[in-house]
Amino acid sequence: MTLSNSLVRGAVVLALAAAASAQAQEIVLKVHHIWPTMAIGHSRVVAPWCEAIAKESNNRMRCQILPAMTGGGTPAQLVDRVKDGVDDLVVTLPGYTPGRFPIMEALELPFMTNTAESASAAAWDYYSKYATKEFTGTKILATWVHDEGFVSTSSKPIRSMEDFKGLKIRAASRQSTKLLARLGATPVGMPIPPVADAMTKGTIDGFMTAWEIIPAFKLHEVSKYHTEIEASRPSMFTAGFVMAMNQAKYDSLPADLKSVIDKNSGGNLSRTIGRYWDEATATGRNAAVARGNVFNKINAAETDRWIQASAPLYDEWVADMDKRGLPGKQMLQDAKDLIKKYNK
């Protein structure tokens with residue numbers, strides 16, 4: 001064997017050894033989210049997802065979970081933390097950065113959705129068709145919405161649209177902020193973690209959210225009145241979530257580990273997570289019932305007044321999309337059609 005051939009063989013052996021070493025190396029994904037561990041976002045979504053990828057990768061890939069923002073920063077910063085590679089994977093609400101993800105706001109327009117399961121399935125299809133460009137630098141693994149949203153207040157019940165006047169109400173997104181303004185309230189944009197403290201201090205008089213999150217942040221303990229609209233109408237509002245992975249981190253994985261991630265992402269995962277939110281509605285509502293809180297049901301006629309008041313928000317959103325060179329009217333119709341498709 002010549003010296004040249006020997007060197008080539010040695011290089012090949014070293015390359016194969018390096019490849020084998022990389023293949024065997026354990027990959028730890030830093031997973032950051034907003035919820036305490038008792039919330040279903042952690043217990044039914046993040047923790048089981050991490051268990052699944054560990055099992056399916058034969059423990060070559062696992063998570064370091066950082067719940068309740070324990071990795072630092074604020075909820076609004078999570079979209080940039082994952083994009084910049086500070087976190088490998090996050091679960092957050094794009095609406096916490098108002099106006100930055102306007103395409104996905106179609107699913108957050110008022111009176112659009114009913115069940116979280118059907119709307120979450122629709123959200124994935126809609127995202128895949130229109131909104132991938134909104135999340136450059138990240139790989140979206142799932143997108144979903146919460147169960148039906150409603151309003152809670154501390155000292156003044158809301159029985160009609162006029163009762164919103166003078167109240168400072170927490171909003172979760174740009175569209176829910178606009179909705180509250182149309183109804184006569186003073187909207188206050190705020191992520192969910194500081195809401196209980198803001199209620200206690202009187203910074204806000206009430207908040208918009210869904211039942212799922214109420215027990216995890218003890219929001220039934222800082223409110224007295226809960227306003228629910230006519231059940232036959234679409235949900236008053238909803239907010240969207242994403243499970244997002246740093247694109248460069250995903251791209252760096254060997255093919256078999258990419259396949260594990262791919263298997264545990266997409267439309268089925270999005271729809272399943274939506275169903276978890278629907279299933280948690282009763283638990284959250286029962287916490288408020290057990291405390292003796294007061295429930296106000298808005299009848300059909302009054303609900304329709306609220307729907308009529310919010311109608312201009314649809315035209316505003318379409319006009320915004322048109323200004324961006326996008327087919328706003330078609331996008332809105334597609335969102336509605338997808339929700340209708342999965343409601344069947």
# chains A, B, ... in the order shown; residues from 1 in each chain; ligands from 1

call {"tool": "select_by_dssp", "arguments": {"residues": "segment 66-242 of chain A", "states": "alpha helix (DSSP H)", "output": "VMD selection string"}}
result
chain A and resid 78 to 83 116 to 126 174 to 183 195 to 201

call {"tool": "closest_atom_pairs", "arguments": {"of": "segment 134-180 of chain A", "to": "segment 201-213 of chain A", "cutoff": "9 Å", "atoms": "only C-alpha atoms", "output": "tab-separated table"}}
result
residue	atom	partner	partner_atom	distance
A:His146	CA	A:Ala210	CA	6.7
A:Asp147	CA	A:Ala210	CA	5.9
A:Glu148	CA	A:Ala210	CA	5.9
A:Gly149	CA	A:Ala210	CA	4.4
A:Phe150	CA	A:Met208	CA	5.6
A:Val151	CA	A:Met208	CA	4.6
A:Ser152	CA	A:Gly206	CA	5.3
A:Thr153	CA	A:Gly206	CA	4.0
A:Ser154	CA	A:Asp205	CA	6.0
A:Ser155	CA	A:Asp205	CA	7.4
A:Lys156	CA	A:Asp205	CA	8.2
A:Leu167	CA	A:Asp205	CA	5.9
A:Lys168	CA	A:Ile204	CA	5.0
A:Ile169	CA	A:Gly206	CA	4.7
A:Arg170	CA	A:Phe207	CA	4.3
A:Ala171	CA	A:Met208	CA	5.7
A:Ala172	CA	A:Met208	CA	7.1
A:Ser176	CA	A:Met208	CA	8.2

call {"tool": "select_by_dssp", "arguments": {"residues": "segment 155-296 of chain A", "states": "strand (DSSP E)", "output": "PyMOL selection string"}}
result
chain A and resi 168-171+186-189+206-210+225-228+240-246+294-296

call {"tool": "atom_distance", "arguments": {"atom1": "atom CA of Phe111 of chain A", "atom2": "atom CA of Ser310 of chain A"}}
result
8.5 Å

call {"tool": "atom_distance", "arguments": {"atom1": "atom CA of Thr92 of chain A", "atom2": "atom CA of Phe217 of chain A"}}
result
15.9 Å

call {"tool": "atom_distance", "arguments": {"atom1": "atom CA of Pro36 of chain A", "atom2": "atom CA of Thr238 of chain A"}}
result
20.9 Å

call {"tool": "residues_around", "arguments": {"residues": "segment 277-287 of chain A", "least_positions_apart": "3", "cutoff": "12 Å", "atoms": "only C-alpha atoms", "output": "PyMOL selection string"}}
result
chain A and resi 39-41+43-45+114-120+144-150+152+209-221+223-228+238-241+270-274+290-295

call {"tool": "closest_residue", "arguments": {"among": "A:Gly137, A:Pro254, A:Gly166, A:Gly267", "to": "Asp88 of chain A", "atoms": "only C-alpha atoms"}}
result
A:Gly137

call {"tool": "residues_around", "arguments": {"residues": "Lys341 of chain A", "least_positions_apart": "4", "cutoff": "9 Å", "atoms": "only C-alpha atoms", "output": "MDAnalysis selection string"}}
result
chainID A and resid 118 122 336:337

call {"tool": "write_last_selection", "arguments": {"atoms": "all heavy atoms", "output": "PDB file, in the first residue's frame"}}
result
ATOM      1  N   SER A 118     -61.324  22.125  16.365  1.00  0.00           N
ATOM      2  CA  SER A 118     -61.559  22.390  14.950  1.00  0.00           C
ATOM      3  C   SER A 118     -60.782  23.616  14.486  1.00  0.00           C
ATOM      4  O   SER A 118     -60.199  23.631  13.394  1.00  0.00           O
ATOM      5  CB  SER A 118     -63.052  22.566  14.677  1.00  0.00           C
ATOM      6  OG  SER A 118     -63.594  23.642  15.429  1.00  0.00           O
ATOM      7  N   ALA A 122     -57.758  23.963  11.654  1.00  0.00           N
ATOM      8  CA  ALA A 122     -57.836  24.999  10.623  1.00  0.00           C
ATOM      9  C   ALA A 122     -56.602  25.899  10.665  1.00  0.00           C
ATOM     10  O   ALA A 122     -56.069  26.292   9.620  1.00  0.00           O
ATOM     11  CB  ALA A 122     -59.097  25.829  10.819  1.00  0.00           C
ATOM     12  N   LYS A 336     -62.279  31.045   7.349  1.00  0.00           N
ATOM     13  CA  LYS A 336     -63.653  30.682   7.710  1.00  0.00           C
ATOM     14  C   LYS A 336     -64.014  29.302   7.173  1.00  0.00           C
ATOM     15  O   LYS A 336     -64.637  28.490   7.878  1.00  0.00           O
ATOM     16  CB  LYS A 336     -64.631  31.725   7.174  1.00  0.00           C
ATOM     17  CG  LYS A 336     -64.545  33.078   7.852  1.00  0.00           C
ATOM     18  CD  LYS A 336     -65.545  34.053   7.226  1.00  0.00           C
ATOM     19  CE  LYS A 336     -65.552  35.391   7.936  1.00  0.00           C
ATOM     20  NZ  LYS A 336     -66.508  36.349   7.337  1.00  0.00           N
ATOM     21  N   ASP A 337     -63.636  29.036   5.928  1.00  0.00           N
ATOM     22  CA  ASP A 337     -63.967  27.748   5.305  1.00  0.00           C
ATOM     23  C   ASP A 337     -63.254  26.592   6.002  1.00  0.00           C
ATOM     24  O   ASP A 337     -63.834  25.509   6.174  1.00  0.00           O
ATOM     25  CB  ASP A 337     -63.605  27.762   3.818  1.00  0.00           C
ATOM     26  CG  ASP A 337     -64.522  28.655   2.986  1.00  0.00           C
ATOM     27  OD1 ASP A 337     -65.589  29.049   3.486  1.00  0.00           O
ATOM     28  OD2 ASP A 337     -64.144  28.978   1.838  1.00  0.00           O
TER      29      ASP A 337
END

call {"tool": "residues_around", "arguments": {"residues": "Ala244 of chain A", "least_positions_apart": "2", "cutoff": "9 Å", "atoms": "only C-alpha atoms", "output": "ChimeraX atom specification"}}
result
/A:79,82-83,88-92,135,138-143,242,246-247

call {"tool": "closest_residue", "arguments": {"among": "A:Lys129, A:Ile53, A:Pro193, A:Ala47", "to": "Thr74 of chain A", "atoms": "only C-alpha atoms"}}
result
A:Pro193

call {"tool": "closest_residue", "arguments": {"among": "A:Ala76, A:Pro110, A:Val188, A:Thr97", "to": "Ala311 of chain A", "atoms": "only C-alpha atoms"}}
result
A:Pro110

call {"tool": "closest_residue", "arguments": {"among": "A:Ala106, A:Val260, A:Val222, A:Ala288", "to": "Arg60 of chain A", "atoms": "only C-alpha atoms"}}
result
A:Val260
